[in-house]
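Listing of structure15.cif; format and content: mmCIF, C-alpha atoms and all ligand atoms.
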data_entry
loop_
_atom_site.label_atom_id
_atom_site.label_comp_id
_atom_site.auth_asym_id
_atom_site.auth_seq_id
_atom_site.Cartn_x
_atom_site.Cartn_y
_atom_site.Cartn_z
CA MET A 1 -15.28 -38.04 44.65
CA GLN A 2 -16.12 -35.28 42.20
CA SER A 3 -16.16 -37.66 39.23
CA THR A 4 -18.41 -40.18 41.03
CA GLN A 5 -20.92 -37.40 41.60
CA LYS A 6 -20.84 -36.49 37.89
CA GLN A 7 -21.46 -40.05 36.76
CA GLU A 8 -24.38 -40.38 39.15
CA ASN A 9 -25.86 -37.15 37.82
CA ALA A 10 -25.55 -38.31 34.22
CA ARG A 11 -27.76 -41.28 35.02
CA THR A 12 -30.28 -39.28 37.02
CA PRO A 13 -30.59 -35.90 35.28
CA GLU A 14 -33.31 -34.65 37.62
CA ARG A 15 -30.59 -34.15 40.23
CA TRP A 16 -28.85 -31.53 38.11
CA ASN A 17 -31.30 -28.85 38.89
CA SER A 18 -30.90 -27.90 42.51
CA THR A 19 -29.69 -24.51 41.16
CA PRO A 20 -32.46 -21.97 40.48
CA VAL A 21 -33.38 -21.43 36.83
CA PRO A 22 -33.11 -17.72 35.81
CA PRO A 23 -36.45 -16.39 34.44
CA ARG A 24 -34.90 -15.52 31.05
CA VAL A 25 -33.78 -19.18 30.72
CA ALA A 26 -37.11 -20.59 31.88
CA GLU A 27 -38.84 -18.54 29.19
CA ARG A 28 -36.60 -19.99 26.47
CA ALA A 29 -38.16 -23.43 27.02
CA TYR A 30 -41.09 -22.33 24.83
CA GLU A 31 -38.96 -20.87 22.03
CA ARG A 32 -38.43 -23.97 19.91
CA VAL A 33 -41.46 -26.20 20.23
CA ASP A 34 -43.44 -28.41 17.85
CA GLU A 35 -47.02 -29.09 18.91
CA THR A 36 -48.31 -32.63 18.33
CA GLU A 37 -51.89 -33.79 17.85
CA GLY A 38 -51.79 -35.27 21.34
CA GLY A 39 -51.11 -31.83 22.80
CA CYS A 40 -47.42 -32.40 23.52
CA TRP A 41 -45.04 -29.50 23.02
CA ILE A 42 -41.94 -31.23 21.70
CA SER A 43 -38.82 -29.23 22.43
CA ARG A 44 -36.30 -28.86 19.60
CA TYR A 45 -33.45 -28.19 22.03
CA SER A 46 -30.80 -30.87 21.79
CA THR A 47 -31.23 -34.00 23.86
CA ALA A 48 -28.49 -35.86 25.69
CA SER A 49 -28.30 -39.66 25.97
CA HIS A 50 -30.97 -39.56 28.69
CA GLY A 51 -33.49 -38.41 26.07
CA TYR A 52 -34.50 -35.13 27.73
CA ALA A 53 -34.13 -31.79 25.93
CA GLN A 54 -31.85 -29.41 27.78
CA ILE A 55 -31.04 -25.71 27.79
CA GLY A 56 -27.62 -24.32 28.65
CA TRP A 57 -26.66 -20.82 29.77
CA GLN A 58 -23.75 -18.82 31.18
CA ASP A 59 -23.84 -16.80 34.39
CA ALA A 60 -20.69 -14.90 35.42
CA GLY A 61 -18.59 -17.32 33.40
CA ARG A 62 -20.19 -20.38 35.01
CA ARG A 63 -21.89 -22.81 32.64
CA SER A 64 -25.18 -24.32 33.74
CA VAL A 65 -27.68 -26.65 32.14
CA VAL A 66 -31.31 -27.35 32.91
CA LEU A 67 -33.75 -29.88 31.50
CA ALA A 68 -36.08 -28.04 29.12
CA HIS A 69 -39.26 -29.41 30.69
CA ARG A 70 -38.11 -28.26 34.11
CA ALA A 71 -37.40 -24.78 32.75
CA ALA A 72 -40.92 -24.73 31.27
CA TRP A 73 -42.44 -25.79 34.58
CA VAL A 74 -40.44 -23.17 36.52
CA HIS A 75 -41.64 -20.47 34.12
CA VAL A 76 -45.25 -21.24 35.08
CA ASN A 77 -44.96 -22.36 38.70
CA GLY A 78 -41.73 -20.87 40.07
CA GLN A 79 -38.60 -22.64 41.34
CA MET A 80 -38.82 -26.27 42.40
CA PRO A 81 -38.02 -27.28 45.98
CA LEU A 82 -34.95 -29.47 46.48
CA GLY A 83 -35.78 -33.18 46.58
CA MET A 84 -38.61 -32.79 44.10
CA THR A 85 -38.63 -33.88 40.47
CA LEU A 86 -40.97 -33.78 37.49
CA ASP A 87 -42.79 -36.73 35.98
CA HIS A 88 -44.06 -36.72 32.39
CA LEU A 89 -47.70 -37.85 32.41
CA CYS A 90 -47.46 -38.17 28.60
CA LYS A 91 -44.22 -40.25 28.81
CA GLU A 92 -42.71 -37.99 26.13
CA ARG A 93 -39.35 -36.92 27.52
CA ARG A 94 -38.95 -33.91 25.21
CA CYS A 95 -42.42 -32.54 25.99
CA VAL A 96 -42.39 -29.11 27.72
CA ASN A 97 -46.16 -28.64 28.09
CA PRO A 98 -46.56 -27.82 31.82
CA ALA A 99 -50.02 -29.43 31.78
CA HIS A 100 -48.31 -32.76 31.01
CA LEU A 101 -45.98 -32.52 34.00
CA ARG A 102 -46.52 -33.26 37.65
CA MET A 103 -44.15 -32.63 40.54
CA LEU A 104 -43.20 -35.58 42.72
CA PRO A 105 -40.71 -36.24 45.50
CA ASN A 106 -37.56 -37.83 44.05
CA PHE A 107 -38.16 -41.11 45.88
CA GLU A 108 -41.68 -41.29 44.44
CA ASN A 109 -40.33 -40.87 40.93
CA ALA A 110 -37.52 -43.35 41.53
CA ARG A 111 -40.16 -45.97 42.36
CA ARG A 112 -41.83 -45.42 38.97
CA THR A 113 -39.08 -46.72 36.75
CA ASN A 114 -39.12 -48.00 33.17
CA GLY A 115 -42.37 -46.31 32.20
CA ARG A 116 -44.41 -48.50 34.52
CA ASP A 117 -47.16 -46.70 36.39
CA TRP A 118 -49.02 -47.40 39.61
CA PRO A 119 -50.95 -45.28 42.14
CA LEU A 120 -49.04 -42.44 43.81
CA GLY A 121 -48.04 -43.09 47.37
CA THR A 122 -47.23 -46.75 46.89
CA CYS A 123 -44.40 -48.83 45.49
CA VAL A 124 -44.81 -51.27 42.61
CA ASN A 125 -46.06 -53.90 45.06
CA GLY A 126 -48.60 -51.63 46.74
CA HIS A 127 -46.68 -50.84 49.95
CA ASP A 128 -47.42 -47.32 51.21
CA HIS A 129 -45.15 -44.64 52.75
CA THR A 130 -44.95 -46.45 56.11
CA HIS A 131 -42.75 -49.05 54.39
CA LEU A 132 -40.16 -46.49 53.31
CA ILE A 133 -36.70 -46.68 54.85
CA ARG A 134 -33.59 -44.54 54.39
CA THR A 135 -30.50 -45.91 52.75
CA ALA A 136 -27.11 -44.29 53.12
CA LYS A 137 -26.33 -42.94 49.67
CA ALA A 138 -23.99 -39.97 49.55
CA ALA A 139 -24.69 -39.10 45.91
CA SER A 140 -28.12 -37.72 46.81
CA PRO A 141 -28.24 -34.03 47.83
CA ARG A 142 -29.70 -35.03 51.20
CA GLY A 143 -27.18 -37.82 51.73
CA TYR A 144 -29.72 -40.61 51.74
CA ARG A 145 -32.35 -42.19 49.53
CA MET A 146 -35.83 -43.45 50.37
CA ILE A 147 -36.63 -47.01 49.27
CA CYS A 148 -39.35 -49.53 50.08
CA GLY A 149 -37.98 -51.57 52.98
CA THR A 150 -40.53 -54.34 52.58
CA CYS A 151 -39.66 -54.88 48.91
CA GLN A 152 -35.96 -54.85 49.79
CA ARG A 153 -36.52 -57.48 52.53
CA ASP A 154 -38.62 -59.62 50.17
CA ARG A 155 -35.95 -59.40 47.44
CA ARG A 156 -33.27 -60.49 49.95
CA ARG A 157 -35.39 -63.42 51.12
CA GLN A 158 -36.03 -64.43 47.53
CA TRP A 159 -32.33 -64.20 46.74
CA ASP A 160 -31.52 -66.32 49.81
CA ALA A 161 -34.11 -68.92 48.78
CA ASN A 162 -32.77 -69.03 45.23
CA ASN A 163 -29.23 -69.50 46.44
CA ARG A 164 -29.83 -71.85 49.38
CA ASP A 165 -29.13 -75.01 47.38
CA ARG A 166 -26.04 -73.56 45.74
CA ARG A 167 -24.76 -72.43 49.13
CA ARG A 168 -25.35 -75.88 50.68
CA GLN A 169 -23.47 -77.54 47.84
CA ALA A 170 -20.58 -75.12 48.25
CA GLN A 171 -20.48 -75.77 52.00
CA ALA A 172 -20.54 -79.56 51.50
CA ALA A 173 -17.72 -79.35 48.96
CA TYR A 174 -15.72 -77.20 51.37
CA ARG A 175 -16.20 -79.67 54.24
CA ALA A 176 -15.23 -82.59 52.00
CA ARG A 177 -12.03 -80.81 50.93
CA LYS A 178 -11.18 -80.00 54.56
CA LYS A 179 -11.81 -83.60 55.61
CA GLU A 180 -9.51 -84.80 52.81
CA ALA A 181 -6.78 -82.38 53.85
CA ASN A 182 -6.96 -83.54 57.47
CA ALA A 183 -6.96 -87.24 56.60
ZN ZN B 201 -46.69 -34.15 26.55
ZN ZN B 202 -42.70 -52.27 48.36
#
How would this structure read if it were set down as structure tokens?
Amino acid sequence: MQSTQKQENARTPERWNSTPVPPRVAERAYERVDETEGGCWISRYSTASHGYAQIGWQDAGRRSVVLAHRAAWVHVNGQMPLGMTLDHLCKERRCVNPAHLRMLPNFENARRTNGRDWPLGTCVNGHDHTHLIRTAKAASPRGYRMICGTCQRDRRRQWDANNRDRRRQAQAAYRARKKEANA
């Protein structure tokens, strides 16, 4: 159980940070920064495979890690509520300029995958919040995830349509075999 949780967190680093960031750590986000012409503050803290810079610290022997851009945001705005995450408006994962960050609910951010962008409050296909449904997913801190139910239903229908012929062929082959066996 423990290891499943860890793997999930490695893929979705925003979930690491339900623990408060100490002020002294939040401040460190600005220590090693290169400013770009576009106004990004590129952190020189090391990045993990997810591409985000991260800052580690020790508290009473317990090791913690926070994404550098989240530390920077906390320094300016205070701790983030659980279930919220940060989105880079500049798409630069190592950027720690708070002006380039906006706070979103996790489900909102999860709908904005692969650098694609669309208006807040809708999914990629334009369905608003009334289309959201809960899925049972224990890895989330709240024990469920929010997804677009209409998109999920459409994907299932599409999958069914794509596989209808294959399924009919499989059923016909099965009936033929059964008929042969009974003959
Ligand atoms: Zn930036
Ligand atoms: Zn949708």
Legend entry - Cut-off 7 Å, all atoms listed in the file, neighbours of ligand ZN 202 (chain B) as a list in words: Cys123, Val124, Asn125, Gly126, His127, His131, Cys148, Gly149, Thr150 and Cys151 of chain A
Legend entry - Nearest to Leu101 (chain A), chosen from A:Arg134, A:Arg63, A:Cys40, A:Arg153, with all atoms listed in the file counted in the distances: A:Cys40
Legend entry - For Arg93 (chain A): contacts at 8 Å, only C-alpha atoms, fewer than 6 positions along chain excluded, given as a list in words: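 So the residues in contact are Gly51, Tyr52 and Ala53 of chain A.
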Inset, instruction - Go ahead and compute the interatomic distance for CA of Lys179 (chain A) and CA of Arg164 (chain A), in Å to one decimal. - result: 22.4 Å
Legend entry - Close residues to ligand ZN 201 (chain B) using all atoms listed in the file, limit 9 Å, as a PyMOL selection string: chain A and resi 36+38-42+88-101
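Of the listed residues (A:Pro20, A:Glu180, A:Ile147, A:Ala170), A:Pro20 comes nearest to Ser64 (chain A); the distances count only C-alpha atoms.
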Inset, instruction - Could you please determine the separation between CA of Val66 (chain A) and CA of Leu132 (chain A) in Å, to one decimal place? - result: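 Value for the CA of Val66 (chain A)-CA of Leu132 (chain A) distance: 29.3 Å.
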Legend entry - Coordinates-based distance that separates CA of Gly83 (chain A) from CA of Glu108 (chain A) (Å, one decimal): 10.3 Å
Inset, instruction - Choose the residue, out of A:Ala173, A:Met146, A:Val65, A:Ala72, that has the smallest atom-to-atom separation from Thr19 (chain A); count only C-alpha atoms. - result: A:Val65
